[in-house]
Amino acid sequence: MVELKTDTSIDAMYEAGQVVGRALTAVRKASDVGVSLLELDEVAHDVLREAGATSPFLGYRPSFAPTAFPAVLCASVNDAIVHGIPTRYKLRDGDLVSMDFGAELGGWVGDSAISFTVGTPRPADVRLIETAERALAAGIAAAVVGNRIGDIAHAIGTVCREGGYGIPDGFGGHGIGRRMHEDPGVPNEGRPGRGMKLRHGMVLAIEPMLIGGGTDGYHADADGWTLRTNDGSRAAHAEHTVAITEAGPRVLTARAD
């Protein structure tokens, strides 16, 4: 069932979203050669503490997971697509990093992700990240009252495929509100004009995930969480929490950076 949020609730979700934005900005600024993923998780955790917010990631255990997620930040490096668990791994020059983060504040949840390079960027990685961001922007632009879920999916998929990139099947965006994952699902590829009609008050986490090698295959690490590309190519992930309103899409996790 899809819960339509009131304008007051959307304002409250914006506050949660701003905590997410501040944390991702802080994590990106702290990311440098030699910094460990566990150190970056602690940077994100500090932002939560300062805001009086909690993490919807920490302790989360969906049906596919063998264990509860042990961190507040998903840190996926190079060929890891999503759900990377922060470890003692220290960032290296040229790494492509995708950071996914959520915050719960006042009973409402925000969720967002960014991808960036550390040190000297590879031109192919820059293009991959830029395409992920363009796909996200296209999905947000399609998130208007009267459109359908398929219009968002088609907008994202078109940008990804025209760029020559793969899309991991079965993973995409989702509704969000009191819980991190709510109805409806938001695929990253689909046919326009299909699916649920978008209405004022729907809030969606829109999140394209791109596989650099152009294939769609992926597999899970032994940890049961980290998803990696089958071809070993690099991946990028971009995400915002977006409210559907009569005035147009409202990005609740917009960042100052």
# chains A, B, ... in the order shown; residues from 1 in each chain; ligands from 1
$ residues_around --residues "A:Ala153" --least-positions-apart "5" --cutoff "10 Å" --atoms "only C-alpha atoms" --output "list in words"
Ala135, Ala138, Gly139, Ala142, Ala143, Arg148, Thr158, Gly172, Gly173, Val186, Pro187, Asn188, Glu189, Gly190, Arg191, Pro192, Arg194, Gly195, Ile206 and Pro208 of chain A
$ write_last_selection --atoms "all heavy atoms" --output "CSV table (one decimal), in the first residue's frame"
chain,number,residue,atom,x,y,z
A,135,ALA,N,21.3,10.3,-15.3
A,135,ALA,CA,20.1,9.3,-15.2
A,135,ALA,C,19.2,9.7,-14.0
A,135,ALA,O,18.0,9.6,-14.1
A,135,ALA,CB,20.7,7.9,-15.1
A,138,ALA,N,17.2,12.7,-14.9
A,138,ALA,CA,16.2,12.4,-15.8
A,138,ALA,C,15.0,11.7,-15.1
A,138,ALA,O,13.8,12.0,-15.4
A,138,ALA,CB,16.7,11.5,-16.9
A,139,GLY,N,15.3,10.8,-14.1
A,139,GLY,CA,14.3,10.2,-13.3
A,139,GLY,C,13.5,11.2,-12.5
A,139,GLY,O,12.3,11.1,-12.4
A,142,ALA,N,11.1,13.2,-14.5
A,142,ALA,CA,9.8,12.5,-14.9
A,142,ALA,C,8.9,12.2,-13.7
A,142,ALA,O,7.8,11.7,-13.9
A,142,ALA,CB,10.2,11.1,-15.5
A,143,ALA,N,9.4,12.6,-12.5
A,143,ALA,CA,8.6,12.3,-11.3
A,143,ALA,C,7.6,13.5,-11.0
A,143,ALA,O,7.7,14.2,-10.0
A,143,ALA,CB,9.5,12.2,-10.1
A,148,ARG,N,3.6,8.2,-14.6
A,148,ARG,CA,3.6,6.8,-14.0
A,148,ARG,C,5.0,6.4,-13.7
A,148,ARG,O,6.0,6.9,-14.1
A,148,ARG,CB,2.9,5.8,-14.9
A,148,ARG,CG,1.4,6.2,-15.2
A,148,ARG,CD,0.7,5.1,-16.1
A,148,ARG,NE,-0.7,5.5,-16.2
A,148,ARG,CZ,-1.7,5.1,-15.4
A,148,ARG,NH1,-1.4,4.4,-14.3
A,148,ARG,NH2,-2.9,5.5,-15.6
A,158,THR,N,16.9,4.9,-20.3
A,158,THR,CA,17.3,5.5,-21.6
A,158,THR,C,18.7,6.1,-21.5
A,158,THR,O,19.6,5.9,-22.3
A,158,THR,CB,16.3,6.5,-22.1
A,158,THR,OG1,15.0,5.8,-22.3
A,158,THR,CG2,16.8,7.2,-23.3
A,172,GLY,N,16.6,-1.3,-7.7
A,172,GLY,CA,16.2,0.0,-8.1
A,172,GLY,C,15.7,0.9,-6.9
A,172,GLY,O,16.0,0.6,-5.8
A,173,GLY,N,14.9,1.9,-7.2
A,173,GLY,CA,14.4,2.7,-6.2
A,173,GLY,C,13.1,2.2,-5.5
A,173,GLY,O,12.7,1.0,-5.7
A,186,VAL,N,10.6,1.2,-7.7
A,186,VAL,CA,10.9,2.1,-8.8
A,186,VAL,C,12.0,1.5,-9.7
A,186,VAL,O,13.2,1.8,-9.4
A,186,VAL,CB,11.2,3.5,-8.3
A,186,VAL,CG1,11.4,4.5,-9.5
A,186,VAL,CG2,10.2,4.1,-7.4
A,187,PRO,N,11.7,0.7,-10.7
A,187,PRO,CA,12.8,0.1,-11.5
A,187,PRO,C,13.6,1.1,-12.2
A,187,PRO,O,13.2,2.3,-12.4
A,187,PRO,CB,12.0,-0.7,-12.5
A,187,PRO,CG,10.6,-0.9,-11.9
A,187,PRO,CD,10.4,0.4,-11.2
A,188,ASN,N,14.8,0.7,-12.6
A,188,ASN,CA,15.7,1.6,-13.3
A,188,ASN,C,15.7,1.4,-14.8
A,188,ASN,O,16.5,1.9,-15.6
A,188,ASN,CB,17.2,1.4,-12.8
A,188,ASN,CG,17.4,2.0,-11.5
A,188,ASN,OD1,16.8,3.0,-11.2
A,188,ASN,ND2,18.3,1.4,-10.7
A,189,GLU,N,14.7,0.6,-15.3
A,189,GLU,CA,14.4,0.4,-16.7
A,189,GLU,C,13.0,0.0,-16.8
A,189,GLU,O,12.5,-0.8,-16.0
A,189,GLU,CB,15.4,-0.6,-17.3
A,189,GLU,CG,15.4,-0.7,-18.8
A,189,GLU,CD,16.5,-1.5,-19.3
A,189,GLU,OE1,16.9,-2.5,-18.6
A,189,GLU,OE2,17.0,-1.2,-20.4
A,190,GLY,N,12.3,0.5,-17.9
A,190,GLY,CA,10.9,0.1,-18.0
A,190,GLY,C,10.2,0.8,-19.2
A,190,GLY,O,10.9,1.6,-19.9
A,191,ARG,N,9.0,0.6,-19.4
A,191,ARG,CA,8.2,1.1,-20.5
A,191,ARG,C,7.4,2.4,-20.0
A,191,ARG,O,6.8,2.3,-18.9
A,191,ARG,CB,7.3,0.1,-21.1
A,191,ARG,CG,8.0,-1.1,-21.7
A,191,ARG,CD,7.0,-2.1,-22.2
A,191,ARG,NE,6.1,-1.6,-23.2
A,191,ARG,CZ,5.2,-2.3,-23.8
A,191,ARG,NH1,4.9,-3.6,-23.4
A,191,ARG,NH2,4.4,-1.8,-24.8
A,192,PRO,N,7.5,3.4,-20.8
A,192,PRO,CA,6.7,4.6,-20.4
A,192,PRO,C,5.2,4.4,-20.4
A,192,PRO,O,4.7,3.5,-21.1
A,192,PRO,CB,7.2,5.7,-21.4
A,192,PRO,CG,7.5,4.9,-22.6
A,192,PRO,CD,8.1,3.6,-22.1
A,194,ARG,N,3.4,3.1,-18.1
A,194,ARG,CA,3.0,1.9,-17.4
A,194,ARG,C,3.2,2.1,-15.9
A,194,ARG,O,4.0,2.9,-15.5
A,194,ARG,CB,3.8,0.6,-17.9
A,194,ARG,CG,3.7,0.3,-19.4
A,194,ARG,CD,2.3,-0.1,-19.7
A,194,ARG,NE,2.1,-0.4,-21.1
A,194,ARG,CZ,2.2,-1.7,-21.6
A,194,ARG,NH1,2.5,-2.7,-20.8
A,194,ARG,NH2,2.1,-1.9,-22.9
A,195,GLY,N,2.5,1.2,-15.1
A,195,GLY,CA,2.7,1.3,-13.7
A,195,GLY,C,1.9,2.3,-13.0
A,195,GLY,O,1.0,2.9,-13.6
A,206,ILE,N,14.8,7.6,-5.7
A,206,ILE,CA,15.1,7.3,-7.1
A,206,ILE,C,16.6,7.0,-7.1
A,206,ILE,O,17.4,7.9,-6.7
A,206,ILE,CB,14.7,8.4,-8.0
A,206,ILE,CG1,13.1,8.6,-7.9
A,206,ILE,CG2,15.1,8.2,-9.4
A,206,ILE,CD1,12.6,9.8,-8.6
A,208,PRO,N,19.4,5.3,-9.8
A,208,PRO,CA,20.1,4.5,-10.8
A,208,PRO,C,21.4,3.9,-10.4
A,208,PRO,O,22.1,4.5,-9.6
A,208,PRO,CB,20.3,5.6,-11.9
A,208,PRO,CG,20.2,6.9,-11.2
A,208,PRO,CD,19.3,6.7,-10.1
$ select_by_dssp --residues "stretch 18-230 of chain A" --states "strand (DSSP E or B)" --output "CSV table (one decimal) with C-alpha atoms, in the first residue's frame"
chain,number,residue,atom,x,y,z
A,36,SER,CA,39.7,3.8,5.7
A,54,THR,CA,19.4,7.5,14.0
A,73,LEU,CA,27.1,3.9,5.7
A,74,CYS,CA,27.2,1.7,2.6
A,75,ALA,CA,30.6,2.1,1.1
A,76,SER,CA,31.1,0.4,-2.3
A,77,VAL,CA,34.5,0.7,-4.0
A,80,ALA,CA,31.1,-3.0,-5.9
A,81,ILE,CA,27.8,-1.7,-7.1
A,82,VAL,CA,25.9,-1.2,-3.8
A,90,LYS,CA,42.2,2.3,2.9
A,96,LEU,CA,35.7,5.0,-7.6
A,97,VAL,CA,33.6,5.1,-4.4
A,98,SER,CA,29.8,5.0,-4.1
A,99,MET,CA,28.4,6.0,-0.7
A,100,ASP,CA,24.8,5.3,0.3
A,101,PHE,CA,23.4,6.8,3.5
A,102,GLY,CA,20.2,7.1,5.4
A,103,ALA,CA,18.9,9.0,8.4
A,104,GLU,CA,15.8,8.8,10.6
A,105,LEU,CA,14.7,12.0,12.3
A,108,TRP,CA,10.8,10.1,9.0
A,109,VAL,CA,13.5,8.7,6.8
A,110,GLY,CA,15.8,10.1,4.1
A,111,ASP,CA,18.0,8.1,1.8
A,112,SER,CA,20.6,9.3,-0.8
A,113,ALA,CA,23.8,8.1,-2.5
A,114,ILE,CA,26.7,9.7,-4.4
A,115,SER,CA,29.6,8.4,-6.4
A,116,PHE,CA,33.0,10.1,-6.7
A,117,THR,CA,36.7,9.4,-7.4
A,148,ARG,CA,3.6,6.8,-14.0
A,166,GLY,CA,24.6,-2.1,-17.7
A,173,GLY,CA,14.4,2.7,-6.2
A,174,HIS,CA,11.5,2.5,-3.7
A,175,GLY,CA,8.9,4.4,-1.8
A,182,GLU,CA,7.9,1.3,1.2
A,183,ASP,CA,5.8,0.7,-1.8
A,184,PRO,CA,6.0,1.3,-4.7
A,185,GLY,CA,9.2,-0.1,-6.3
A,186,VAL,CA,10.9,2.1,-8.8
A,197,LYS,CA,0.2,6.8,-11.5
A,203,VAL,CA,7.7,10.1,-1.9
A,204,LEU,CA,10.2,8.0,-3.8
A,205,ALA,CA,13.9,7.2,-3.4
A,206,ILE,CA,15.1,7.3,-7.1
A,209,MET,CA,22.9,2.0,-10.6
A,210,LEU,CA,25.2,1.7,-13.6
A,211,ILE,CA,27.7,-1.1,-14.5
A,218,TYR,CA,26.3,-9.2,-10.7
A,219,HIS,CA,26.9,-11.4,-7.7
A,220,ALA,CA,27.0,-11.1,-4.0
A,227,LEU,CA,27.0,-6.7,-4.8
A,228,ARG,CA,29.8,-6.8,-7.4
A,229,THR,CA,29.8,-6.6,-11.2
$ residues_around --residues "A:Leu252" --least-positions-apart "6" --cutoff "10 Å" --atoms "only C-alpha atoms" --output "PyMOL selection string"
chain A and resi 10-18+20-21+110-112+203-205+240-243
$ atom_distance --atom1 "atom CA of A:Ala71" --atom2 "atom CA of A:Gly34"
19.9 Å
$ residues_around --residues "A:Phe64" --least-positions-apart "5" --cutoff "12 Å" --atoms "only C-alpha atoms" --output "ChimeraX atom specification"
/A:69,220,223-226
$ atom_distance --atom1 "atom CA of A:Gly84" --atom2 "atom CA of A:Val159"
24.7 Å
$ residues_around --residues "A:Thr245" --least-positions-apart "3" --cutoff "6 Å" --atoms "only C-alpha atoms" --output "PDB file with all heavy atoms, in the first residue's frame"
ATOM      1  N   HIS A 200       0.281  13.593  -5.918  1.00  0.00           N
ATOM      2  CA  HIS A 200       0.810  14.506  -4.910  1.00  0.00           C
ATOM      3  C   HIS A 200       0.873  13.784  -3.557  1.00  0.00           C
ATOM      4  O   HIS A 200      -0.093  13.166  -3.121  1.00  0.00           O
ATOM      5  CB  HIS A 200      -0.094  15.734  -4.800  1.00  0.00           C
ATOM      6  CG  HIS A 200       0.376  16.730  -3.773  1.00  0.00           C
ATOM      7  ND1 HIS A 200       1.199  17.780  -4.096  1.00  0.00           N
ATOM      8  CD2 HIS A 200       0.145  16.827  -2.443  1.00  0.00           C
ATOM      9  CE1 HIS A 200       1.445  18.489  -2.997  1.00  0.00           C
ATOM     10  NE2 HIS A 200       0.820  17.927  -1.996  1.00  0.00           N
ATOM     11  N   GLY A 248       5.711  20.235  -8.699  1.00  0.00           N
ATOM     12  CA  GLY A 248       6.843  19.564  -9.327  1.00  0.00           C
ATOM     13  C   GLY A 248       7.622  18.754  -8.320  1.00  0.00           C
ATOM     14  O   GLY A 248       7.351  18.784  -7.116  1.00  0.00           O
ATOM     15  N   PRO A 249       8.611  17.987  -8.781  1.00  0.00           N
ATOM     16  CA  PRO A 249       9.390  17.152  -7.867  1.00  0.00           C
ATOM     17  C   PRO A 249      10.194  17.995  -6.875  1.00  0.00           C
ATOM     18  O   PRO A 249      10.823  18.982  -7.256  1.00  0.00           O
ATOM     19  CB  PRO A 249      10.304  16.351  -8.794  1.00  0.00           C
ATOM     20  CG  PRO A 249      10.336  17.115 -10.076  1.00  0.00           C
ATOM     21  CD  PRO A 249       9.034  17.823 -10.183  1.00  0.00           C
TER      22      PRO A 249
END
$ residues_around --residues "A:Ala30" --least-positions-apart "3" --cutoff "7 Å" --atoms "only C-alpha atoms" --output "ChimeraX atom specification"
/A:26-27,40
$ residues_around --residues "A:Leu198" --least-positions-apart "5" --cutoff "6 Å" --atoms "only C-alpha atoms" --output "NGL selection string"
:A and (145-148)
